[in-house]
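Trainee: Got structure33.txt for you, compact mmCIF, C-alpha atoms and all ligand atoms:
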```
# COMPACT_ATOMS: atom_id res chain seq x y z
CA MET A 17 -24.98 -19.85 54.52
CA LYS A 18 -27.75 -18.06 56.43
CA THR A 19 -31.41 -17.36 55.71
CA ARG A 20 -31.87 -13.63 55.37
CA ILE A 21 -35.16 -11.72 55.40
CA ILE A 22 -34.90 -9.37 52.42
CA GLY A 23 -38.43 -7.98 52.25
CA THR A 24 -41.63 -7.70 54.27
CA GLY A 25 -45.28 -7.01 53.50
CA SER A 26 -48.66 -7.10 55.20
CA CYS A 27 -52.33 -6.60 54.52
CA LEU A 28 -55.20 -5.86 56.90
CA PRO A 29 -58.91 -5.84 56.01
CA GLU A 30 -60.47 -2.44 55.35
CA ASN A 31 -63.04 -2.60 58.18
CA VAL A 32 -61.88 -1.45 61.63
CA VAL A 33 -63.95 -2.50 64.64
CA THR A 34 -63.20 -0.67 67.90
CA ASN A 35 -63.86 -1.92 71.41
CA ASP A 36 -66.67 0.63 71.61
CA ASP A 37 -68.19 -0.84 68.44
CA LEU A 38 -68.17 -4.28 70.12
CA SER A 39 -69.74 -2.88 73.28
CA LYS A 40 -72.78 -1.92 71.17
CA ILE A 41 -73.41 -5.54 70.15
CA MET A 42 -72.33 -7.47 73.28
CA ASP A 43 -71.92 -7.02 77.02
CA THR A 44 -68.36 -5.70 77.08
CA SER A 45 -66.48 -2.39 77.33
CA ASP A 46 -63.37 -0.64 76.06
CA GLU A 47 -62.16 -0.51 79.67
CA TRP A 48 -62.44 -4.32 80.17
CA ILE A 49 -60.79 -5.22 76.85
CA SER A 50 -58.00 -2.63 76.79
CA SER A 51 -57.01 -2.98 80.45
CA ARG A 52 -56.77 -6.80 80.26
CA THR A 53 -55.32 -7.18 76.78
CA GLY A 54 -54.01 -3.85 75.39
CA ILE A 55 -56.31 -4.28 72.36
CA ARG A 56 -58.21 -1.15 71.26
CA GLU A 57 -59.39 -2.16 67.79
CA ARG A 58 -59.05 -4.92 65.21
CA HIS A 59 -59.62 -5.30 61.46
CA LEU A 60 -62.37 -7.74 60.49
CA ALA A 61 -62.75 -9.15 56.98
CA LYS A 62 -65.88 -8.52 54.95
CA GLU A 63 -64.90 -8.97 51.30
CA GLU A 64 -61.33 -10.09 52.05
CA THR A 65 -60.34 -13.75 52.28
CA THR A 66 -57.27 -15.45 53.75
CA ALA A 67 -55.96 -15.93 50.21
CA SER A 68 -56.67 -12.37 49.02
CA MET A 69 -54.95 -10.83 52.07
CA SER A 70 -52.02 -13.26 51.72
CA THR A 71 -51.60 -12.40 48.05
CA GLU A 72 -51.56 -8.67 48.77
CA ALA A 73 -49.09 -9.12 51.67
CA ALA A 74 -46.89 -11.25 49.38
CA ARG A 75 -46.98 -8.64 46.57
CA ARG A 76 -45.89 -5.96 49.03
CA ALA A 77 -43.09 -8.18 50.40
CA LEU A 78 -41.83 -8.98 46.88
CA GLU A 79 -41.86 -5.29 45.97
CA ASN A 80 -40.03 -4.45 49.20
CA ALA A 81 -37.42 -7.14 48.44
CA GLY A 82 -37.08 -6.23 44.75
CA VAL A 83 -37.80 -9.85 43.84
CA THR A 84 -40.14 -11.08 41.08
CA ALA A 85 -42.72 -13.86 41.52
CA LYS A 86 -40.79 -15.99 39.00
CA GLU A 87 -37.77 -16.02 41.31
CA ILE A 88 -39.64 -17.73 44.15
CA ASP A 89 -38.70 -21.38 44.68
CA LEU A 90 -40.83 -22.08 47.74
CA ILE A 91 -44.01 -20.72 49.41
CA ILE A 92 -44.88 -21.82 52.96
CA LEU A 93 -47.94 -20.35 54.64
CA GLY A 94 -48.92 -20.78 58.30
CA THR A 95 -52.68 -20.64 58.91
CA VAL A 96 -55.56 -22.29 60.74
CA THR A 97 -58.15 -20.49 58.61
CA ALA A 98 -57.38 -21.30 54.96
CA ASP A 99 -60.38 -20.62 52.70
CA HIS A 100 -60.42 -24.19 51.41
CA VAL A 101 -59.41 -27.60 52.72
CA THR A 102 -57.82 -27.93 49.30
CA PRO A 103 -56.28 -26.20 47.42
CA SER A 104 -54.03 -24.85 50.15
CA CYS A 105 -53.84 -21.11 50.67
CA ALA A 106 -50.16 -21.23 49.63
CA CYS A 107 -51.19 -22.76 46.26
CA GLU A 108 -53.83 -20.02 45.84
CA VAL A 109 -51.15 -17.40 46.49
CA GLN A 110 -48.83 -19.11 44.00
CA ALA A 111 -51.53 -18.98 41.31
CA ALA A 112 -52.47 -15.34 42.03
CA LEU A 113 -48.82 -14.23 41.89
CA GLY A 114 -47.90 -16.36 38.89
CA ALA A 115 -45.05 -17.87 40.93
CA ASP A 116 -45.11 -20.93 38.72
CA ARG A 117 -41.65 -22.26 39.66
CA ALA A 118 -42.52 -22.47 43.38
CA VAL A 119 -43.38 -25.44 45.56
CA ALA A 120 -46.27 -24.29 47.78
CA PHE A 121 -47.91 -25.68 50.91
CA ASP A 122 -49.65 -24.64 54.15
CA ILE A 123 -48.73 -25.63 57.67
CA ASN A 124 -50.83 -25.56 60.84
CA ALA A 125 -49.00 -24.59 64.03
CA ALA A 126 -51.64 -22.04 65.14
CA CYS A 127 -50.08 -18.84 66.53
CA SER A 128 -46.59 -20.32 65.97
CA GLY A 129 -47.42 -21.00 62.29
CA PHE A 130 -45.31 -18.24 60.76
CA MET A 131 -42.30 -19.08 62.94
CA PHE A 132 -42.56 -22.80 62.13
CA ALA A 133 -42.84 -21.89 58.42
CA LEU A 134 -39.75 -19.66 58.69
CA ASN A 135 -37.79 -22.45 60.35
CA ILE A 136 -38.87 -24.95 57.67
CA ALA A 137 -37.83 -22.51 54.93
CA ASN A 138 -34.51 -22.03 56.74
CA ALA A 139 -33.94 -25.81 56.75
CA TYR A 140 -34.61 -26.04 52.98
CA LEU A 141 -32.31 -23.09 52.24
CA GLN A 142 -29.57 -24.43 54.52
CA ALA A 143 -29.78 -27.80 52.78
CA GLY A 144 -29.28 -26.04 49.46
CA PHE A 145 -32.59 -27.22 47.97
CA TYR A 146 -33.92 -23.70 47.31
CA LYS A 147 -32.60 -20.15 47.16
CA THR A 148 -35.58 -17.80 47.52
CA ALA A 149 -38.72 -18.38 49.57
CA LEU A 150 -41.90 -16.58 50.48
CA VAL A 151 -43.00 -17.24 54.07
CA LEU A 152 -46.43 -16.12 55.24
CA GLY A 153 -48.77 -16.12 58.22
CA ALA A 154 -52.41 -15.33 57.42
CA GLU A 155 -55.75 -15.68 59.19
CA THR A 156 -59.43 -14.87 58.92
CA LEU A 157 -60.02 -15.71 62.57
CA SER A 158 -63.36 -13.90 62.66
CA LYS A 159 -64.92 -16.89 60.90
CA ILE A 160 -64.01 -19.32 63.71
CA MET A 161 -65.03 -17.00 66.57
CA ASP A 162 -68.16 -17.60 68.58
CA TRP A 163 -69.61 -14.08 68.42
CA ASN A 164 -71.80 -14.98 71.42
CA ASP A 165 -68.72 -15.66 73.57
CA ARG A 166 -67.38 -12.31 74.76
CA SER A 167 -64.42 -13.95 76.50
CA THR A 168 -62.83 -14.96 73.16
CA CYS A 169 -64.31 -12.97 70.25
CA VAL A 170 -63.00 -9.60 71.49
CA LEU A 171 -59.39 -10.84 71.36
CA PHE A 172 -58.88 -11.73 67.72
CA GLY A 173 -58.59 -10.02 64.31
CA ASP A 174 -57.93 -10.80 60.63
CA GLY A 175 -54.91 -10.09 58.41
CA ALA A 176 -51.82 -11.43 56.64
CA GLY A 177 -48.07 -10.88 56.76
CA ALA A 178 -45.27 -12.08 54.51
CA VAL A 179 -41.49 -12.09 54.25
CA VAL A 180 -39.17 -12.93 51.38
CA VAL A 181 -36.11 -14.90 52.50
CA ARG A 182 -32.98 -15.71 50.58
CA ALA A 183 -29.82 -17.72 51.23
CA ASP A 184 -27.07 -15.25 52.18
CA GLU A 185 -23.44 -15.71 53.15
CA ASN A 186 -23.24 -12.79 55.55
CA SER A 187 -26.22 -12.06 57.78
CA GLY A 188 -29.54 -13.71 58.53
CA LEU A 189 -31.10 -16.29 60.83
CA LEU A 190 -28.54 -17.12 63.53
CA ALA A 191 -30.43 -19.67 65.63
CA PHE A 192 -33.88 -21.06 66.29
CA ASP A 193 -35.80 -23.15 68.79
CA GLN A 194 -39.20 -24.78 68.45
CA GLY A 195 -41.35 -27.15 70.47
CA SER A 196 -44.77 -28.68 70.93
CA ASP A 197 -46.79 -30.12 73.80
CA GLY A 198 -49.80 -31.94 72.37
CA SER A 199 -50.78 -33.19 75.83
CA ARG A 200 -52.02 -29.65 76.67
CA GLY A 201 -53.76 -29.01 73.32
CA GLY A 202 -57.22 -28.72 74.92
CA VAL A 203 -56.52 -25.31 76.50
CA LEU A 204 -56.87 -23.61 73.10
CA ALA A 205 -58.92 -25.59 70.62
CA CYS A 206 -61.28 -25.40 67.67
CA GLU A 207 -62.92 -28.54 66.28
CA ASN A 208 -62.80 -29.16 62.54
CA ARG A 209 -65.72 -30.34 60.40
CA THR A 210 -67.09 -33.55 61.96
CA ASN A 211 -67.60 -36.86 60.22
CA ASN A 212 -70.89 -37.04 58.32
CA ASN A 213 -70.71 -40.52 56.86
CA PRO A 214 -73.83 -42.75 57.16
CA LEU A 215 -72.43 -44.56 60.24
CA VAL A 216 -72.23 -41.55 62.57
CA ASP A 217 -74.51 -39.05 64.29
CA THR A 218 -74.32 -35.77 62.34
CA SER A 219 -76.35 -33.59 64.69
CA LYS A 220 -73.36 -31.62 66.08
CA ASP A 221 -73.32 -27.83 65.77
CA LEU A 222 -70.41 -26.04 64.10
CA ALA A 223 -67.56 -25.58 66.54
CA TYR A 224 -65.72 -22.35 67.34
CA ILE A 225 -62.54 -21.41 69.23
CA GLN A 226 -62.55 -22.31 72.90
CA MET A 227 -59.84 -21.15 75.27
CA ASP A 228 -58.84 -21.49 78.89
CA GLY A 229 -57.32 -17.99 79.02
CA GLN A 230 -55.53 -18.40 82.32
CA GLU A 231 -53.87 -21.68 81.31
CA VAL A 232 -52.75 -20.11 78.00
CA TYR A 233 -51.33 -17.18 79.95
CA LYS A 234 -49.36 -19.49 82.29
CA PHE A 235 -48.04 -21.49 79.31
CA ALA A 236 -46.95 -18.36 77.41
CA VAL A 237 -45.11 -16.65 80.25
CA THR A 238 -43.03 -19.75 80.99
CA ALA A 239 -42.45 -21.30 77.53
CA VAL A 240 -41.63 -18.06 75.70
CA PRO A 241 -38.84 -16.64 77.92
CA SER A 242 -37.25 -20.08 78.09
CA SER A 243 -37.39 -20.56 74.30
CA LEU A 244 -36.02 -17.05 73.69
CA GLN A 245 -33.17 -17.60 76.17
CA LYS A 246 -32.24 -20.88 74.50
CA THR A 247 -32.25 -19.29 71.03
CA ILE A 248 -30.25 -16.24 72.08
CA VAL A 249 -27.57 -18.44 73.71
CA ALA A 250 -27.48 -20.69 70.60
CA ALA A 251 -26.87 -17.55 68.51
CA GLY A 252 -23.83 -16.78 70.70
CA LEU A 253 -25.50 -13.67 72.10
CA THR A 254 -26.87 -12.38 75.40
CA VAL A 255 -30.29 -10.88 76.05
CA GLU A 256 -28.64 -7.42 76.18
CA ASP A 257 -27.44 -7.86 72.57
CA ILE A 258 -31.02 -8.04 71.27
CA ASP A 259 -32.30 -4.77 69.79
CA TYR A 260 -35.97 -5.80 69.49
CA PHE A 261 -38.20 -8.67 70.54
CA ALA A 262 -40.85 -9.17 67.83
CA LEU A 263 -43.30 -11.48 69.57
CA HIS A 264 -46.69 -12.95 68.77
CA GLN A 265 -49.25 -10.31 69.69
CA ALA A 266 -51.64 -12.16 72.00
CA ASN A 267 -51.88 -9.89 74.99
CA ILE A 268 -49.93 -6.91 76.37
CA ARG A 269 -49.70 -8.58 79.79
CA ILE A 270 -47.93 -11.60 78.27
CA LEU A 271 -45.42 -9.29 76.54
CA GLN A 272 -44.79 -7.31 79.74
CA SER A 273 -44.32 -10.50 81.73
CA VAL A 274 -41.86 -11.94 79.17
CA ALA A 275 -39.89 -8.66 79.27
CA LYS A 276 -39.79 -8.79 83.07
CA ARG A 277 -38.68 -12.42 83.15
CA LEU A 278 -35.87 -11.67 80.66
CA HIS A 279 -34.89 -8.52 82.62
CA VAL A 280 -35.19 -6.28 79.57
CA SER A 281 -37.15 -3.07 79.06
CA ALA A 282 -40.68 -3.48 77.68
CA ASP A 283 -39.68 -0.70 75.21
CA LYS A 284 -37.80 -3.37 73.27
CA PHE A 285 -41.13 -5.15 72.58
CA PRO A 286 -42.88 -3.34 69.69
CA ILE A 287 -46.66 -3.61 69.70
CA SER A 288 -49.26 -4.02 66.98
CA LEU A 289 -51.97 -5.71 69.07
CA ASP A 290 -53.45 -2.31 70.02
CA HIS A 291 -54.72 -1.80 66.45
CA CYS A 292 -54.73 -5.41 65.15
CA GLY A 293 -55.78 -7.65 68.04
CA ASN A 294 -54.44 -11.18 68.03
CA ILE A 295 -54.07 -12.48 64.44
CA SER A 296 -52.49 -15.83 65.33
CA ALA A 297 -49.96 -16.89 62.64
CA ALA A 298 -50.11 -13.45 60.98
CA SER A 299 -49.11 -11.37 63.97
CA VAL A 300 -45.30 -11.76 63.86
CA PRO A 301 -44.88 -10.98 60.11
CA ILE A 302 -47.35 -8.06 60.34
CA LEU A 303 -45.39 -6.63 63.29
CA LEU A 304 -42.10 -7.14 61.45
CA ASP A 305 -43.48 -5.34 58.39
CA GLU A 306 -44.67 -2.40 60.50
CA MET A 307 -41.23 -2.18 62.14
CA ASN A 308 -39.51 -2.38 58.74
CA ARG A 309 -41.69 0.30 57.15
CA LYS A 310 -41.19 2.63 60.14
CA GLY A 311 -37.41 2.35 59.55
CA MET A 312 -36.81 0.66 62.93
CA LEU A 313 -34.74 -2.19 61.46
CA LYS A 314 -31.13 -1.32 60.58
CA PRO A 315 -28.47 -3.61 59.11
CA GLY A 316 -26.62 -5.51 61.84
CA MET A 317 -29.44 -5.25 64.38
CA LYS A 318 -30.32 -8.44 66.26
CA ILE A 319 -34.03 -9.24 66.33
CA ALA A 320 -35.49 -12.05 68.46
CA MET A 321 -38.85 -13.36 67.27
CA SER A 322 -41.22 -15.77 68.95
CA GLY A 323 -44.60 -17.33 68.21
CA PHE A 324 -46.65 -19.35 70.71
CA GLY A 325 -50.13 -20.77 70.99
CA GLY A 326 -52.45 -23.62 69.96
CA GLY A 327 -51.12 -27.15 69.84
CA LEU A 328 -49.59 -26.20 72.19
CA THR A 329 -46.65 -24.94 70.12
CA TRP A 330 -43.87 -22.40 70.39
CA ALA A 331 -40.99 -21.29 68.17
CA SER A 332 -38.31 -18.62 68.33
CA ALA A 333 -35.57 -17.33 66.07
CA VAL A 334 -32.82 -14.74 66.29
CA VAL A 335 -31.95 -12.90 63.09
CA GLU A 336 -29.27 -10.42 62.23
CA TRP A 337 -31.00 -7.85 60.02
N1 LIG B 401 -66.04 -8.05 78.55
C1 LIG B 401 -66.45 -7.92 79.83
N2 LIG B 401 -66.33 -8.91 80.73
C2 LIG B 401 -65.80 -10.08 80.30
C3 LIG B 401 -65.37 -10.28 78.99
C4 LIG B 401 -65.51 -9.20 78.09
N3 LIG B 401 -65.11 -9.29 76.81
N4 LIG B 401 -64.88 -11.53 78.87
C5 LIG B 401 -64.99 -12.10 80.09
N5 LIG B 401 -65.55 -11.23 80.95
C6 LIG B 401 -65.86 -11.43 82.35
C7 LIG B 401 -66.07 -12.89 82.68
O1 LIG B 401 -67.42 -13.28 82.43
C8 LIG B 401 -65.74 -12.91 84.16
O2 LIG B 401 -66.85 -12.40 84.87
P1 LIG B 401 -67.27 -13.03 86.30
O3 LIG B 401 -66.07 -12.77 87.20
O4 LIG B 401 -68.48 -12.27 86.66
O5 LIG B 401 -67.49 -14.48 86.04
C9 LIG B 401 -64.63 -11.87 84.28
O6 LIG B 401 -64.72 -11.04 83.11
C10 LIG B 401 -63.25 -12.48 84.36
O7 LIG B 401 -63.15 -13.47 83.33
P2 LIG B 401 -61.84 -14.27 83.13
O8 LIG B 401 -61.97 -15.18 81.94
O9 LIG B 401 -61.42 -14.86 84.44
O10 LIG B 401 -60.88 -13.08 82.73
P3 LIG B 401 -59.32 -12.98 82.90
O11 LIG B 401 -59.01 -11.97 83.90
O12 LIG B 401 -58.65 -14.31 82.96
O13 LIG B 401 -58.92 -12.35 81.48
C11 LIG B 401 -57.96 -13.01 79.39
C12 LIG B 401 -59.18 -13.04 80.27
C13 LIG B 401 -57.68 -11.55 79.00
C14 LIG B 401 -58.21 -13.81 78.11
C15 LIG B 401 -56.77 -13.59 80.19
O14 LIG B 401 -57.08 -14.88 80.66
C16 LIG B 401 -55.52 -13.67 79.43
O15 LIG B 401 -54.81 -12.70 79.29
N6 LIG B 401 -55.18 -14.86 78.90
C17 LIG B 401 -54.05 -15.03 78.07
C18 LIG B 401 -54.44 -15.82 76.93
C19 LIG B 401 -54.58 -15.03 75.68
O16 LIG B 401 -54.21 -13.90 75.54
N7 LIG B 401 -55.11 -15.72 74.70
C20 LIG B 401 -55.20 -15.17 73.40
C21 LIG B 401 -55.26 -16.28 72.42
S1 LIG B 401 -54.09 -17.50 72.64
C22 LIG B 401 -52.66 -17.08 71.97
O17 LIG B 401 -52.62 -16.31 71.05
C23 LIG B 401 -51.45 -17.65 72.52
```
Kindly present the structure from the file in structure tokens form.
Ligand code: ACO

Mentor:
Amino acid sequence: MKTRIIGTGSCLPENVVTNDDLSKIMDTSDEWISSRTGIRERHLAKEETTASMSTEAARRALENAGVTAKEIDLIILGTVTADHVTPSCACEVQAALGADRAVAFDINAACSGFMFALNIANAYLQAGFYKTALVLGAETLSKIMDWNDRSTCVLFGDGAGAVVVRADENSGLLAFDQGSDGSRGGVLACENRTNNNPLVDTSKDLAYIQMDGQEVYKFAVTAVPSSLQKTIVAAGLTVEDIDYFALHQANIRILQSVAKRLHVSADKFPISLDHCGNISAASVPILLDEMNRKGMLKPGMKIAMSGFGGGLTWASAVVEW
């Protein structure tokens, strides 16, 4: 039995903010941002929330799969920007969809969140506990950006992506790999709410994302090719057998370097970061949905996916479409 992706959906906020728009409110330029990252614009939430975008992405994925909300057994949502500490975003999605049979929970694996969620869903389906699952990655990263820090705020965007997966005897997820290195967590970090009990000093300001960009770059270009290689071999395939590499959309230079290290053409790495920026856990399912809706994904194709980022964490999977 394999875990097959049978539908995809995504949702981006209505408001588009270009690099030129940013250059009007901070000391930056389209040339600096696009040449270093490949990002030209991003969608930033105004009315939208992590839960509202997730719900819309889920509705579109269910429609694409031809599955009703009542058929969902399990909802797993990767995010670092849920609207509430509790209820989880997954539970909010469950309520909004009326998926009342489902077990729902969030997971935090930063930019690897969707891939970790997919691998967890795969384990449940393989074990025979559930048959149909909704797996999401969703973020409102603009709320944890320091808009006075041009080195980070220009990189990120908001949005949500979803897939419906089902246990299938024929095609589906062939292999996966995942890992974590908590000892290097400080290179990409965002503090949570601090303790405010009567015993502690409560004078700390709200914390925002902080990143050592060069260390993240070095991590990504070594961990990702190695994880992809391992997964492709475990699937009984070679790099040449892979039709597309659907990777976390952090930075065009990371994608080009991974392609070079794997000795495959960069044309096999579809891009959404140019119009979405980096949306952490949401970037892989949004990319997959764009590929699906463009008709790029044909039955039998082999797709390698990989997420990587905060934690540090990384996760890859190879699926037969
Ligand atoms: N506009 C204009 N200038 C800027 C900006 C900006 N938005 N941001 C920084 N600069 C300036 C800096 O102040 C610095 O100026 P100085 O030389 O006068 O001091 C100069 O540009 C170079 O700054 P660096 O931080 O050294 O820039 P670098 O060349 O390393 O590029 C980048 C930064 C694009 C983030 C790069 O480190 C990178 O690609 N990192 C990969 C990590 C990544 O993509 N992270 C995304 C999130 S993590 C994830 O999803 C896995």

Trainee: Can you check which parts of stretch 249-289 of chain A lie within 8 Å of stretch 310-322 of chain A? Per residue, the shortest pair of atoms and distance in Å to one decimal, counting all atoms listed in the file, sorted by chain and number, as CSV.

Mentor:
```
residue,atom,partner,partner_atom,distance
A:Asp257,CA,A:Lys318,CA,7.0
A:Ile258,CA,A:Lys318,CA,5.1
A:Asp259,CA,A:Lys318,CA,5.5
A:Tyr260,CA,A:Ile319,CA,5.1
A:Phe261,CA,A:Ala320,CA,4.8
A:Ala262,CA,A:Met321,CA,4.7
A:Leu263,CA,A:Ser322,CA,4.8
A:His264,CA,A:Ser322,CA,6.2
```

Trainee: Have a look at A:Phe121, A:Trp48, A:Phe324, A:Phe145 and name the one nearest to A:Cys105; count only C-alpha atoms.

Mentor: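 Comparing A:Phe121, A:Trp48, A:Phe324, A:Phe145 against A:Cys105, the winner is A:Phe121.
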
Trainee: Could you give me, as a PyMOL selection string, every polymer residue with an atom at most 8 Å away from an atom of ligand LIG 401 (chain B), counting only C-alpha atoms and all ligand atoms?

Mentor: chain A and resi 43-45+48-49+52-53+127+165-172+204+227-234+236+264-267+269-270+294-296+324-326

Trainee: Which residue out of A:Ile123, A:Ala154, A:Arg209, A:Glu57 has the minimum interatomic distance to A:Asp37 when all atoms listed in the file are used?

Mentor: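 Nearest to A:Asp37: A:Glu57.
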
Trainee: Using only C-alpha atoms, find the one residue out of A:Ala98, A:Ala106, A:Ala191, A:Ile41 that sits nearest to A:Asn135.

Mentor: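 Between A:Ala98, A:Ala106, A:Ala191, A:Ile41, the residue approaching A:Asn135 most closely is A:Ala191.
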
Trainee: My list of candidates is A:Arg182, A:His291, A:Lys147, A:Arg75. Which is closest to A:Glu306 when distances are computed with all atoms listed in the file?

Mentor: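 Of A:Arg182, A:His291, A:Lys147, A:Arg75, the one nearest A:Glu306, counting all atoms listed in the file, is A:His291.
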
Trainee: Would you work out the distance separating atom CA of A:Tyr146 from atom CA of A:Ala183, expressed in Å to one decimal?

Mentor: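 We find that atom CA of A:Tyr146 and atom CA of A:Ala183 lie 8.2 Å from each other.
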
Trainee: Excluding stretch 136-138 of chain A and any residue of its chain fewer than 5 positions from it, enumerate the residues within 8 Å of it, using all atoms listed in the file, and give them as a compact mmCIF listing (two decimals) with C-alpha atoms, keeping the file's coordinate frame.

Mentor:
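part-v2.txt, freshly written:
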```txt
# COMPACT_ATOMS: atom_id res chain seq x y z
CA LYS A 18 -27.75 -18.06 56.43
CA THR A 19 -31.41 -17.36 55.71
CA LEU A 90 -40.83 -22.08 47.74
CA ILE A 92 -44.88 -21.82 52.96
CA ALA A 149 -38.72 -18.38 49.57
CA VAL A 151 -43.00 -17.24 54.07
CA LEU A 189 -31.10 -16.29 60.83
```

Trainee: Please measure the separation of atom CA of A:Trp337 and atom CA of A:Gly188, giving the value in Å to one decimal.

Mentor: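 Rounded to one decimal, the two atoms are 6.2 Å apart.
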
Trainee: Take atom CA of A:Gln110 and atom CA of A:Asp174 and report the distance between them in Å, one decimal.

Mentor: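 Separation between atom CA of A:Gln110 and atom CA of A:Asp174: 20.7 Å.
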
Trainee: Ranking A:Ala333, A:Ala74, A:Leu28, A:Ala125 by minimum distance to A:Ile248 and counting all atoms listed in the file, which one comes first?

Mentor: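 For A:Ile248, the nearest of the candidates is A:Ala333.
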
Trainee: For stretch 176-183 of chain A, take all atoms listed in the file, fit an axis-aligned box around them, add 4 Å to each of the six sides, then output centre and edge lengths in Å rounded to one decimal, as JSON.

Mentor:
```
{"center_x": -40.8, "center_y": -14.3, "center_z": 53.7, "size_x": 30.0, "size_y": 14.8, "size_z": 14.2}
```

Trainee: A:Cys27, A:Leu328, A:Met42, A:Ile21: which is nearest A:Gln194, counting all atoms listed in the file?

Mentor: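 Using all atoms listed in the file, the shortest distance to A:Gln194 belongs to A:Leu328.
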
Trainee: Please identify all polymer residues lying at most 7 Å from the point (-59.3, -4.3, 61.3) (file coordinates), using only C-alpha atoms, and present the result as a list in words.

Mentor: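 The distance filter leaves exactly Leu28, Pro29, Glu30, Asn31, Val32, Val33, Glu57, Arg58, His59, Leu60, Gly173, Asp174 and Cys292 of chain A.
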
Trainee: Write the residues of the preceding selection, restricted to C-alpha atoms, as an mmCIF file, keeping the file's coordinate frame.

Mentor:
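Just written: selection_11.cif:
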```
data_model
loop_
_atom_site.group_PDB
_atom_site.id
_atom_site.type_symbol
_atom_site.label_atom_id
_atom_site.label_comp_id
_atom_site.auth_asym_id
_atom_site.auth_seq_id
_atom_site.Cartn_x
_atom_site.Cartn_y
_atom_site.Cartn_z
ATOM 1 C CA LEU A 28 -55.200 -5.860 56.900
ATOM 2 C CA PRO A 29 -58.910 -5.840 56.010
ATOM 3 C CA GLU A 30 -60.470 -2.440 55.350
ATOM 4 C CA ASN A 31 -63.040 -2.600 58.180
ATOM 5 C CA VAL A 32 -61.880 -1.450 61.630
ATOM 6 C CA VAL A 33 -63.950 -2.500 64.640
ATOM 7 C CA GLU A 57 -59.390 -2.160 67.790
ATOM 8 C CA ARG A 58 -59.050 -4.920 65.210
ATOM 9 C CA HIS A 59 -59.620 -5.300 61.460
ATOM 10 C CA LEU A 60 -62.370 -7.740 60.490
ATOM 11 C CA GLY A 173 -58.590 -10.020 64.310
ATOM 12 C CA ASP A 174 -57.930 -10.800 60.630
ATOM 13 C CA CYS A 292 -54.730 -5.410 65.150
#
```

Trainee: Within 9 Å of A:Asn208, counting only C-alpha atoms, which residues qualify if same-chain residues fewer than 2 places away don't, as a list in words?

Mentor: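 The contact residues come out as Cys206, Thr210, Leu222, Ala223 and Tyr224 of chain A.
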
Trainee: When you look at A:Ala85 with a cut-off of 10 Å (counting all atoms listed in the file), what residues show up, excluding the ones that are within fewer than 5 positions of it in the same chain? I need them as an MDAnalysis selection string.

Mentor: chainID A and resid 74:75 78:79 110 112:118 150

Trainee: Within 9 Å of (-51.3, -19.5, 56.6) in the file's own coordinates, which protein, DNA or RNA residues have an atom, counting only C-alpha atoms? List them as a PDB file with C-alpha atoms, in the frame of the given file.

Mentor:
```
ATOM      1  CA  THR A  66     -57.270 -15.450  53.750  1.00  0.00           C
ATOM      2  CA  ALA A  67     -55.960 -15.930  50.210  1.00  0.00           C
ATOM      3  CA  SER A  70     -52.020 -13.260  51.720  1.00  0.00           C
ATOM      4  CA  ILE A  92     -44.880 -21.820  52.960  1.00  0.00           C
ATOM      5  CA  LEU A  93     -47.940 -20.350  54.640  1.00  0.00           C
ATOM      6  CA  GLY A  94     -48.920 -20.780  58.300  1.00  0.00           C
ATOM      7  CA  THR A  95     -52.680 -20.640  58.910  1.00  0.00           C
ATOM      8  CA  VAL A  96     -55.560 -22.290  60.740  1.00  0.00           C
ATOM      9  CA  THR A  97     -58.150 -20.490  58.610  1.00  0.00           C
ATOM     10  CA  ALA A  98     -57.380 -21.300  54.960  1.00  0.00           C
ATOM     11  CA  SER A 104     -54.030 -24.850  50.150  1.00  0.00           C
ATOM     12  CA  CYS A 105     -53.840 -21.110  50.670  1.00  0.00           C
ATOM     13  CA  ALA A 106     -50.160 -21.230  49.630  1.00  0.00           C
ATOM     14  CA  ASP A 122     -49.650 -24.640  54.150  1.00  0.00           C
ATOM     15  CA  ILE A 123     -48.730 -25.630  57.670  1.00  0.00           C
ATOM     16  CA  ASN A 124     -50.830 -25.560  60.840  1.00  0.00           C
ATOM     17  CA  ALA A 126     -51.640 -22.040  65.140  1.00  0.00           C
ATOM     18  CA  GLY A 129     -47.420 -21.000  62.290  1.00  0.00           C
ATOM     19  CA  PHE A 130     -45.310 -18.240  60.760  1.00  0.00           C
ATOM     20  CA  ALA A 133     -42.840 -21.890  58.420  1.00  0.00           C
ATOM     21  CA  VAL A 151     -43.000 -17.240  54.070  1.00  0.00           C
ATOM     22  CA  LEU A 152     -46.430 -16.120  55.240  1.00  0.00           C
ATOM     23  CA  GLY A 153     -48.770 -16.120  58.220  1.00  0.00           C
ATOM     24  CA  ALA A 154     -52.410 -15.330  57.420  1.00  0.00           C
ATOM     25  CA  GLU A 155     -55.750 -15.680  59.190  1.00  0.00           C
ATOM     26  CA  ALA A 176     -51.820 -11.430  56.640  1.00  0.00           C
ATOM     27  CA  ALA A 297     -49.960 -16.890  62.640  1.00  0.00           C
ATOM     28  CA  ALA A 298     -50.110 -13.450  60.980  1.00  0.00           C
TER      29      ALA A 298
END
```
